[in-house]
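Source file query.cif; content: mmCIF, C-alpha atoms.
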```
data_structure
loop_
_atom_site.label_atom_id
_atom_site.label_comp_id
_atom_site.auth_asym_id
_atom_site.auth_seq_id
_atom_site.Cartn_x
_atom_site.Cartn_y
_atom_site.Cartn_z
CA MET A 1 -0.59 -22.90 -44.41
CA VAL A 2 -3.23 -25.64 -44.42
CA LYS A 3 -5.66 -23.29 -42.70
CA LYS A 4 -5.22 -20.75 -45.50
CA TYR A 5 -6.31 -23.27 -48.12
CA VAL A 6 -9.22 -24.54 -46.03
CA PHE A 7 -10.51 -21.05 -45.26
CA LEU A 8 -10.08 -19.98 -48.89
CA LEU A 9 -12.03 -22.99 -50.16
CA LEU A 10 -14.79 -22.55 -47.58
CA PHE A 11 -15.03 -18.83 -48.38
CA VAL A 12 -15.57 -19.52 -52.08
CA CYS A 13 -18.14 -22.21 -51.27
CA LEU A 14 -20.06 -19.99 -48.87
CA GLN A 15 -19.97 -17.07 -51.29
CA ASN A 16 -21.77 -19.26 -53.81
CA GLY A 17 -24.20 -20.46 -51.15
CA THR A 18 -23.90 -24.04 -52.32
CA ILE A 19 -21.71 -25.84 -49.82
CA PHE A 20 -22.81 -29.42 -49.33
CA SER A 21 -25.84 -28.89 -51.56
CA GLY A 22 -26.58 -30.57 -54.88
CA GLY A 23 -22.90 -30.94 -55.72
CA SER A 24 -22.04 -32.71 -52.48
CA LEU A 25 -18.38 -33.36 -51.86
CA SER A 26 -19.01 -36.57 -50.00
CA SER A 27 -20.31 -38.64 -52.86
CA GLY A 28 -20.92 -38.47 -56.55
CA LYS A 29 -23.06 -41.57 -56.96
CA GLN A 30 -25.37 -41.94 -59.91
CA GLU A 31 -28.23 -39.47 -60.02
CA SER A 32 -30.97 -39.03 -62.56
CA VAL A 33 -30.09 -37.09 -65.68
CA SER A 34 -32.34 -34.81 -67.66
CA LYS A 35 -31.98 -36.83 -70.87
CA PRO A 36 -31.31 -40.52 -71.49
CA VAL A 37 -27.75 -41.38 -72.40
CA ASN A 38 -27.04 -44.36 -74.59
CA VAL A 39 -23.73 -45.73 -73.41
CA GLU A 40 -22.35 -49.20 -73.10
CA LYS A 41 -21.08 -48.84 -69.56
CA LYS A 42 -22.97 -47.48 -66.58
CA HIS A 43 -21.43 -44.27 -65.29
CA LEU A 44 -20.79 -43.76 -61.59
CA PHE A 45 -21.23 -40.02 -62.16
CA SER A 46 -24.15 -38.46 -63.99
CA ARG A 47 -23.37 -36.71 -67.26
CA GLY A 48 -26.25 -34.26 -67.52
CA SER A 49 -26.53 -31.29 -69.84
CA GLY A 50 -25.13 -27.85 -69.17
CA TYR A 51 -23.85 -24.77 -70.94
CA TRP A 52 -20.85 -26.55 -72.46
CA THR A 53 -22.15 -30.04 -73.18
CA ASP A 54 -25.24 -32.15 -73.72
CA PRO A 55 -25.79 -35.92 -73.37
CA ALA A 56 -26.30 -36.01 -77.13
CA ASP A 57 -22.61 -35.15 -77.47
CA GLU A 58 -21.66 -38.61 -76.18
CA SER A 59 -21.54 -39.92 -79.74
CA THR A 60 -19.20 -37.22 -81.05
CA THR A 61 -15.64 -38.26 -81.83
CA GLY A 62 -14.03 -35.04 -83.07
CA TRP A 63 -10.88 -33.89 -81.28
CA PHE A 64 -12.43 -30.68 -79.95
CA SER A 65 -15.96 -32.01 -79.43
CA GLN A 66 -15.32 -35.35 -77.70
CA LEU A 67 -16.45 -35.37 -74.07
CA THR A 68 -14.23 -36.27 -71.14
CA SER A 69 -14.17 -40.04 -70.76
CA PRO A 70 -16.13 -41.57 -67.85
CA ALA A 71 -12.88 -42.97 -66.45
CA SER A 72 -11.55 -39.43 -66.02
CA GLN A 73 -14.78 -37.91 -64.70
CA ARG A 74 -14.63 -36.94 -61.03
CA GLU A 75 -17.99 -35.35 -60.29
CA ASN A 76 -21.64 -35.23 -61.35
CA TRP A 77 -21.81 -32.67 -64.14
CA TYR A 78 -23.51 -29.29 -63.68
CA LYS A 79 -25.00 -30.06 -60.27
CA VAL A 80 -23.93 -26.73 -58.77
CA SER A 81 -23.73 -24.43 -61.77
CA PRO A 82 -24.84 -24.81 -65.40
CA TYR A 83 -21.57 -23.15 -66.42
CA VAL A 84 -19.15 -25.37 -64.47
CA ALA A 85 -19.37 -29.12 -65.07
CA GLU A 86 -17.33 -30.26 -62.07
CA PHE A 87 -17.71 -27.36 -59.66
CA TRP A 88 -15.87 -28.64 -56.59
CA CYS A 89 -12.98 -30.05 -58.58
CA ALA A 90 -12.72 -26.78 -60.48
CA ILE A 91 -12.61 -24.38 -57.52
CA SER A 92 -10.15 -26.58 -55.61
CA ASN A 93 -7.54 -25.36 -58.10
CA VAL A 94 -7.35 -22.09 -56.18
CA GLY A 95 -4.48 -23.73 -54.29
CA PHE A 96 -2.37 -24.08 -57.44
CA LEU A 97 -3.18 -20.56 -58.57
CA TYR A 98 -2.34 -19.10 -55.16
CA VAL A 99 0.95 -20.99 -54.79
CA GLY A 100 1.88 -20.21 -58.38
CA TYR A 101 1.30 -16.51 -57.80
CA LYS A 102 3.08 -16.58 -54.44
CA HIS A 103 6.23 -18.15 -55.88
CA ARG A 104 5.99 -16.52 -59.32
CA SER A 105 5.79 -19.96 -60.88
CA PRO A 106 4.32 -20.00 -64.41
CA GLU A 107 4.29 -23.81 -64.28
CA LEU A 108 1.92 -23.91 -61.31
CA MET A 109 -0.22 -21.11 -62.68
CA ALA A 110 -0.55 -22.92 -66.00
CA ALA A 111 -1.34 -26.24 -64.30
CA GLY A 112 -3.98 -24.65 -62.08
CA LEU A 113 -5.62 -22.86 -64.99
CA ALA A 114 -5.55 -25.98 -67.19
CA SER A 115 -7.15 -28.08 -64.45
CA LEU A 116 -9.73 -25.38 -63.76
CA LEU A 117 -10.73 -25.33 -67.42
CA SER A 118 -10.82 -29.11 -67.85
CA HIS A 119 -13.12 -29.52 -64.85
CA SER A 120 -15.31 -26.62 -65.93
CA ILE A 121 -15.59 -27.64 -69.59
CA PRO A 122 -15.62 -31.46 -69.83
CA LYS A 123 -13.82 -31.94 -73.13
CA GLN A 124 -11.22 -34.64 -73.69
CA TRP A 125 -8.77 -32.26 -75.36
CA LEU A 126 -8.84 -29.97 -72.33
CA LEU A 127 -8.10 -32.99 -70.16
CA SER A 128 -5.01 -33.58 -72.29
CA VAL A 129 -3.98 -29.97 -71.66
CA ASP A 130 -4.58 -30.57 -67.95
CA LYS A 131 -2.23 -33.57 -68.00
CA ALA A 132 0.37 -31.51 -69.81
CA GLY A 133 0.09 -28.99 -66.97
CA VAL A 134 0.89 -31.76 -64.50
CA LEU A 135 4.05 -32.52 -66.47
CA PHE A 136 5.03 -28.85 -66.25
CA VAL A 137 4.68 -28.97 -62.48
CA LEU A 138 6.70 -32.18 -62.27
CA SER A 139 9.44 -30.55 -64.32
CA LYS A 140 9.46 -27.68 -61.84
CA VAL A 141 9.76 -30.06 -58.89
CA LEU A 142 12.51 -32.09 -60.57
CA ARG A 143 14.53 -28.94 -61.17
CA GLU A 144 14.48 -28.45 -57.41
CA TYR A 145 15.95 -31.90 -56.74
CA LYS A 146 18.60 -30.39 -54.46
CA VAL A 147 15.83 -29.47 -52.04
CA PHE A 148 15.05 -33.15 -51.50
CA LYS A 149 18.73 -33.96 -51.19
CA ASP A 150 19.16 -31.35 -48.47
CA ASN A 151 15.77 -32.09 -46.87
CA PRO A 152 15.08 -35.83 -47.19
CA LYS A 153 12.10 -35.45 -44.86
CA LEU A 154 10.26 -33.82 -47.76
CA LEU A 155 10.07 -37.21 -49.44
CA ALA A 156 7.41 -38.23 -46.91
CA PRO A 157 4.82 -35.65 -48.05
CA VAL A 158 5.68 -36.48 -51.67
CA GLY A 159 4.83 -40.11 -50.96
CA LEU A 160 1.66 -39.06 -49.18
CA ALA A 161 0.61 -36.94 -52.16
CA GLY A 162 1.19 -39.92 -54.44
CA LEU A 163 -0.93 -42.12 -52.17
CA ILE A 164 -3.72 -39.54 -52.20
CA ASN A 165 -3.61 -39.48 -56.00
CA LEU A 166 -3.88 -43.27 -56.24
CA THR A 167 -6.70 -43.30 -53.69
CA ASP A 168 -8.49 -40.61 -55.66
CA ALA A 169 -8.30 -42.63 -58.88
CA TYR A 170 -9.58 -45.79 -57.19
CA LEU A 171 -12.46 -44.19 -55.28
CA ALA A 172 -13.61 -42.10 -58.23
CA ARG A 173 -13.58 -44.94 -60.74
CA ASN A 174 -14.93 -47.65 -58.45
CA LYS A 175 -17.03 -45.85 -55.83
CA GLY A 176 -18.03 -42.56 -57.44
CA TYR A 177 -16.52 -40.21 -54.83
CA THR A 178 -15.57 -36.60 -55.54
CA LEU A 179 -13.90 -35.48 -52.30
CA PRO A 180 -10.60 -37.37 -52.85
CA HIS A 181 -9.92 -35.40 -56.03
CA VAL A 182 -10.50 -32.12 -54.21
CA VAL A 183 -8.12 -33.27 -51.47
CA TRP A 184 -5.59 -34.24 -54.15
CA HIS A 185 -5.66 -30.75 -55.66
CA LEU A 186 -5.20 -29.02 -52.31
CA SER A 187 -2.55 -31.42 -51.00
CA ALA A 188 -0.54 -31.19 -54.24
CA ALA A 189 -0.65 -27.39 -54.06
CA LEU A 190 0.45 -27.49 -50.43
CA LEU A 191 3.32 -29.82 -51.30
CA ALA A 192 4.43 -27.49 -54.11
CA ASP A 193 4.39 -24.58 -51.67
CA VAL A 194 6.52 -26.48 -49.16
CA VAL A 195 9.08 -27.50 -51.79
CA LEU A 196 9.34 -24.05 -53.37
CA THR A 197 9.62 -22.40 -49.96
CA ALA A 198 12.44 -24.76 -49.01
CA ALA A 199 14.17 -24.04 -52.32
CA LYS A 200 14.41 -20.35 -51.45
CA ARG A 201 16.25 -20.96 -48.20
#
```

What does this structure look like when you write it as structure tokens?
Amino acid sequence: MVKKYVFLLLFVCLQNGTIFSGGSLSSGKQESVSKPVNVEKKHLFSRGSGYWTDPADESTTGWFSQLTSPASQRENWYKVSPYVAEFWCAISNVGFLYVGYKHRSPELMAAGLASLLSHSIPKQWLLSVDKAGVLFVLSKVLREYKVFKDNPKLLAPVGLAGLINLTDAYLARNKGYTLPHVVWHLSAALLADVVLTAAKR
């Protein structure tokens, strides 16, 4: 199952001809931006202009116009495509979409789509929708609590997924790394697949 996700991700990357190029997965450290940005705190990720946003939007405070906060940013914006702000984080949601389709789970499909949109269009309100999608997935997992009761070994990958999520938050906010968030997306999708498969037995 892991191979399926890896091959699928690599296929998408190779199709775009951008693997390990400007939007490198290994690091998202500060790079030069096309326009100066007047902010109080130095960003670990660059917030350049693209189709959806411009550095001038930093001062906007409207609900639908406010940009994603630096604390929630996971990648240099528009380094791979001018239409997708956080390219690698966006395409790594293929795992959620695939697992959601495989198990006919609207919760996973909605979560994958919400995350895809929030990483593509860096708006704070879309990030809120993304977080709501996470809650939908958690509700789905909680409804399958009997699976964990019958298969206590599944608690180990759940703990691992939680550790990956915490590591992602730390490395992104303090070191400026993108890869952990991609790993988080794929590992969470894999965990959902394992749980839902066990629930059908």

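Using only C-alpha atoms for every distance, the candidate list A:Ala199, A:Ala189, A:Leu166, A:Leu155 yields A:Ala189 as the residue closest to Gly112 of chain A.
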
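Atom CA of Phe96 of chain A sits 8.3 Å away from atom CA of Leu113 of chain A.
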
Next on the checklist: For the PyMOL selection byres ((chain A and resi 157) around 12), applied here, can you spell out every residue it catches as a list in words?
Outcome noted: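 With the PyMOL selection byres ((chain A and resi 157) around 12) on this model, the match is Phe148, Asn151, Pro152, Lys153, Leu154, Leu155, Ala156, Val158, Gly159, Leu160, Ala161, Gly162, Leu163, Ile164, Ser187, Ala188, Ala189, Leu190, Leu191, Ala192, Asp193, Val194 and Val195 of chain A.
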
Item to check | Straight-line distance linking atom CA of Leu116 of chain A with atom CA of Ala198 of chain A, stated in Å to one decimal | outcome: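 Between atom CA of Leu116 of chain A and atom CA of Ala198 of chain A the gap works out to 26.6 Å.
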
Mind running segment 47-74 of chain A against segment 171-185 of chain A at 12 Å and telling me each contacting residue's nearest atom pair with the distance in Å (one decimal), counting all atoms listed in the file, chain and number ascending, as a Markdown table?
```
| residue | atom | partner | partner_atom | distance |
| --- | --- | --- | --- | --- |
| A:Ser69 | CA | A:Arg173 | CA | 11.2 |
| A:Pro70 | CA | A:Arg173 | CA | 8.3 |
| A:Ala71 | CA | A:Arg173 | CA | 6.1 |
| A:Ser72 | CA | A:Arg173 | CA | 7.9 |
| A:Gln73 | CA | A:Ala172 | CA | 7.8 |
| A:Arg74 | CA | A:Thr178 | CA | 5.6 |
```

Item to check | Pairwise distance for atom CA of Leu142 of chain A and atom CA of Ser115 of chain A, rounded to one decimal in Å | outcome: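 Interatomic distance, atom CA of Leu142 of chain A to atom CA of Ser115 of chain A: 20.4 Å.
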
Let me know the centre plus edge lengths, in Å and rounded to one decimal, of a box with edges along x, y and z that contains all listed atoms of segment 130-136 of chain A and is padded by 6 Å on every side, as AutoDock Vina command-line options.
```
--center_x 0.2 --center_y -31.2 --center_z -67.2 --size_x 21.6 --size_y 16.7 --size_z 17.3
```

Taking the file above as input, evaluate the PyMOL selection byres ((chain A and resi 50-55) around 12) and report the hits as a PDB file with C-alpha atoms, in the coordinates of the input.
```pdb
ATOM      1  CA  VAL A  33     -30.090 -37.090 -65.680  1.00  0.00           C
ATOM      2  CA  SER A  34     -32.340 -34.810 -67.660  1.00  0.00           C
ATOM      3  CA  LYS A  35     -31.980 -36.830 -70.870  1.00  0.00           C
ATOM      4  CA  PRO A  36     -31.310 -40.520 -71.490  1.00  0.00           C
ATOM      5  CA  VAL A  37     -27.750 -41.380 -72.400  1.00  0.00           C
ATOM      6  CA  ASN A  38     -27.040 -44.360 -74.590  1.00  0.00           C
ATOM      7  CA  VAL A  39     -23.730 -45.730 -73.410  1.00  0.00           C
ATOM      8  CA  SER A  46     -24.150 -38.460 -63.990  1.00  0.00           C
ATOM      9  CA  ARG A  47     -23.370 -36.710 -67.260  1.00  0.00           C
ATOM     10  CA  GLY A  48     -26.250 -34.260 -67.520  1.00  0.00           C
ATOM     11  CA  SER A  49     -26.530 -31.290 -69.840  1.00  0.00           C
ATOM     12  CA  ALA A  56     -26.300 -36.010 -77.130  1.00  0.00           C
ATOM     13  CA  ASP A  57     -22.610 -35.150 -77.470  1.00  0.00           C
ATOM     14  CA  GLU A  58     -21.660 -38.610 -76.180  1.00  0.00           C
ATOM     15  CA  SER A  59     -21.540 -39.920 -79.740  1.00  0.00           C
ATOM     16  CA  THR A  60     -19.200 -37.220 -81.050  1.00  0.00           C
ATOM     17  CA  PHE A  64     -12.430 -30.680 -79.950  1.00  0.00           C
ATOM     18  CA  SER A  65     -15.960 -32.010 -79.430  1.00  0.00           C
ATOM     19  CA  GLN A  66     -15.320 -35.350 -77.700  1.00  0.00           C
ATOM     20  CA  LEU A  67     -16.450 -35.370 -74.070  1.00  0.00           C
ATOM     21  CA  THR A  68     -14.230 -36.270 -71.140  1.00  0.00           C
ATOM     22  CA  ASN A  76     -21.640 -35.230 -61.350  1.00  0.00           C
ATOM     23  CA  TRP A  77     -21.810 -32.670 -64.140  1.00  0.00           C
ATOM     24  CA  TYR A  78     -23.510 -29.290 -63.680  1.00  0.00           C
ATOM     25  CA  LYS A  79     -25.000 -30.060 -60.270  1.00  0.00           C
ATOM     26  CA  VAL A  80     -23.930 -26.730 -58.770  1.00  0.00           C
ATOM     27  CA  SER A  81     -23.730 -24.430 -61.770  1.00  0.00           C
ATOM     28  CA  PRO A  82     -24.840 -24.810 -65.400  1.00  0.00           C
ATOM     29  CA  TYR A  83     -21.570 -23.150 -66.420  1.00  0.00           C
ATOM     30  CA  VAL A  84     -19.150 -25.370 -64.470  1.00  0.00           C
ATOM     31  CA  ALA A  85     -19.370 -29.120 -65.070  1.00  0.00           C
ATOM     32  CA  GLU A  86     -17.330 -30.260 -62.070  1.00  0.00           C
ATOM     33  CA  LEU A 117     -10.730 -25.330 -67.420  1.00  0.00           C
ATOM     34  CA  SER A 118     -10.820 -29.110 -67.850  1.00  0.00           C
ATOM     35  CA  HIS A 119     -13.120 -29.520 -64.850  1.00  0.00           C
ATOM     36  CA  SER A 120     -15.310 -26.620 -65.930  1.00  0.00           C
ATOM     37  CA  ILE A 121     -15.590 -27.640 -69.590  1.00  0.00           C
ATOM     38  CA  PRO A 122     -15.620 -31.460 -69.830  1.00  0.00           C
ATOM     39  CA  LYS A 123     -13.820 -31.940 -73.130  1.00  0.00           C
ATOM     40  CA  GLN A 124     -11.220 -34.640 -73.690  1.00  0.00           C
TER      41      GLN A 124
END
```

Next on the checklist: Please expand the PyMOL selection byres ((chain A and resi 136) around 12) into the concrete residues it hits in this file, giving the result as a list in words.
Outcome noted: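 On this input, the PyMOL selection byres ((chain A and resi 136) around 12) captures Ser105, Pro106, Glu107, Leu108, Met109, Ala110, Ala111, Gly112, Ala114, Val129, Asp130, Lys131, Ala132, Gly133, Val134, Leu135, Val137, Leu138, Ser139, Lys140, Val141, Leu142 and Arg143 of chain A.
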
Dump of C-alpha atoms for the selected residues, as an mmCIF file, in the coordinates of the input:
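Writing the result to result32.cif gives the following:
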```cif
data_model
loop_
_atom_site.group_PDB
_atom_site.id
_atom_site.type_symbol
_atom_site.label_atom_id
_atom_site.label_comp_id
_atom_site.auth_asym_id
_atom_site.auth_seq_id
_atom_site.Cartn_x
_atom_site.Cartn_y
_atom_site.Cartn_z
ATOM 1 C CA SER A 105 5.790 -19.960 -60.880
ATOM 2 C CA PRO A 106 4.320 -20.000 -64.410
ATOM 3 C CA GLU A 107 4.290 -23.810 -64.280
ATOM 4 C CA LEU A 108 1.920 -23.910 -61.310
ATOM 5 C CA MET A 109 -0.220 -21.110 -62.680
ATOM 6 C CA ALA A 110 -0.550 -22.920 -66.000
ATOM 7 C CA ALA A 111 -1.340 -26.240 -64.300
ATOM 8 C CA GLY A 112 -3.980 -24.650 -62.080
ATOM 9 C CA ALA A 114 -5.550 -25.980 -67.190
ATOM 10 C CA VAL A 129 -3.980 -29.970 -71.660
ATOM 11 C CA ASP A 130 -4.580 -30.570 -67.950
ATOM 12 C CA LYS A 131 -2.230 -33.570 -68.000
ATOM 13 C CA ALA A 132 0.370 -31.510 -69.810
ATOM 14 C CA GLY A 133 0.090 -28.990 -66.970
ATOM 15 C CA VAL A 134 0.890 -31.760 -64.500
ATOM 16 C CA LEU A 135 4.050 -32.520 -66.470
ATOM 17 C CA VAL A 137 4.680 -28.970 -62.480
ATOM 18 C CA LEU A 138 6.700 -32.180 -62.270
ATOM 19 C CA SER A 139 9.440 -30.550 -64.320
ATOM 20 C CA LYS A 140 9.460 -27.680 -61.840
ATOM 21 C CA VAL A 141 9.760 -30.060 -58.890
ATOM 22 C CA LEU A 142 12.510 -32.090 -60.570
ATOM 23 C CA ARG A 143 14.530 -28.940 -61.170
#
```

Will you model N, CA, C and O atoms for segment 165-186 of chain A and pass it back as a short mmCIF file (atom, residue, chain, number, x, y, z; two decimals), in the coordinates of the input?
```
data_model
loop_
_atom_site.label_atom_id
_atom_site.label_comp_id
_atom_site.auth_asym_id
_atom_site.auth_seq_id
_atom_site.Cartn_x
_atom_site.Cartn_y
_atom_site.Cartn_z
N ASN A 165 -3.26 -39.43 -54.58
CA ASN A 165 -3.61 -39.48 -56.00
C ASN A 165 -4.11 -40.86 -56.40
O ASN A 165 -5.10 -40.99 -57.13
N LEU A 166 -3.45 -41.90 -55.93
CA LEU A 166 -3.88 -43.27 -56.24
C LEU A 166 -5.23 -43.58 -55.61
O LEU A 166 -6.09 -44.22 -56.22
N THR A 167 -5.42 -43.10 -54.38
CA THR A 167 -6.70 -43.30 -53.69
C THR A 167 -7.82 -42.59 -54.43
O THR A 167 -8.93 -43.12 -54.58
N ASP A 168 -7.51 -41.39 -54.89
CA ASP A 168 -8.49 -40.61 -55.66
C ASP A 168 -8.93 -41.38 -56.90
O ASP A 168 -10.13 -41.51 -57.17
N ALA A 169 -7.97 -41.90 -57.65
CA ALA A 169 -8.30 -42.63 -58.88
C ALA A 169 -9.16 -43.85 -58.58
O ALA A 169 -10.14 -44.12 -59.29
N TYR A 170 -8.83 -44.58 -57.53
CA TYR A 170 -9.58 -45.79 -57.19
C TYR A 170 -11.01 -45.46 -56.75
O TYR A 170 -11.98 -46.05 -57.24
N LEU A 171 -11.14 -44.51 -55.82
CA LEU A 171 -12.46 -44.19 -55.28
C LEU A 171 -13.37 -43.54 -56.31
O LEU A 171 -14.58 -43.76 -56.30
N ALA A 172 -12.79 -42.74 -57.19
CA ALA A 172 -13.61 -42.10 -58.23
C ALA A 172 -14.11 -43.12 -59.24
O ALA A 172 -15.29 -43.11 -59.62
N ARG A 173 -13.23 -43.99 -59.68
CA ARG A 173 -13.58 -44.94 -60.74
C ARG A 173 -14.40 -46.13 -60.24
O ARG A 173 -15.16 -46.72 -61.00
N ASN A 174 -14.25 -46.47 -58.96
CA ASN A 174 -14.93 -47.65 -58.45
C ASN A 174 -16.06 -47.35 -57.47
O ASN A 174 -16.96 -48.18 -57.29
N LYS A 175 -16.01 -46.18 -56.83
CA LYS A 175 -17.03 -45.85 -55.83
C LYS A 175 -17.84 -44.60 -56.18
O LYS A 175 -18.91 -44.39 -55.64
N GLY A 176 -17.31 -43.77 -57.06
CA GLY A 176 -18.03 -42.56 -57.44
C GLY A 176 -17.91 -41.44 -56.42
O GLY A 176 -18.87 -40.71 -56.18
N TYR A 177 -16.72 -41.27 -55.82
CA TYR A 177 -16.52 -40.21 -54.83
C TYR A 177 -15.78 -39.03 -55.45
O TYR A 177 -14.85 -39.20 -56.23
N THR A 178 -16.17 -37.83 -55.04
CA THR A 178 -15.57 -36.60 -55.54
C THR A 178 -14.52 -36.02 -54.60
O THR A 178 -13.49 -35.50 -55.03
N LEU A 179 -14.77 -36.11 -53.30
CA LEU A 179 -13.90 -35.48 -52.30
C LEU A 179 -12.42 -35.82 -52.45
O LEU A 179 -11.57 -34.92 -52.33
N PRO A 180 -12.03 -37.07 -52.73
CA PRO A 180 -10.60 -37.37 -52.85
C PRO A 180 -9.88 -36.54 -53.91
O PRO A 180 -8.71 -36.19 -53.74
N HIS A 181 -10.57 -36.19 -54.99
CA HIS A 181 -9.92 -35.40 -56.03
C HIS A 181 -9.71 -33.96 -55.55
O HIS A 181 -8.69 -33.33 -55.88
N VAL A 182 -10.65 -33.45 -54.79
CA VAL A 182 -10.50 -32.12 -54.21
C VAL A 182 -9.32 -32.11 -53.24
O VAL A 182 -8.49 -31.19 -53.25
N VAL A 183 -9.24 -33.15 -52.42
CA VAL A 183 -8.12 -33.27 -51.47
C VAL A 183 -6.80 -33.38 -52.23
O VAL A 183 -5.79 -32.80 -51.82
N TRP A 184 -6.80 -34.10 -53.34
CA TRP A 184 -5.59 -34.24 -54.15
C TRP A 184 -5.12 -32.88 -54.66
O TRP A 184 -3.94 -32.55 -54.58
N HIS A 185 -6.03 -32.07 -55.17
CA HIS A 185 -5.66 -30.75 -55.66
C HIS A 185 -5.03 -29.90 -54.55
O HIS A 185 -3.96 -29.30 -54.74
N LEU A 186 -5.68 -29.86 -53.40
CA LEU A 186 -5.20 -29.02 -52.31
C LEU A 186 -3.89 -29.53 -51.71
O LEU A 186 -3.00 -28.75 -51.38
#
```
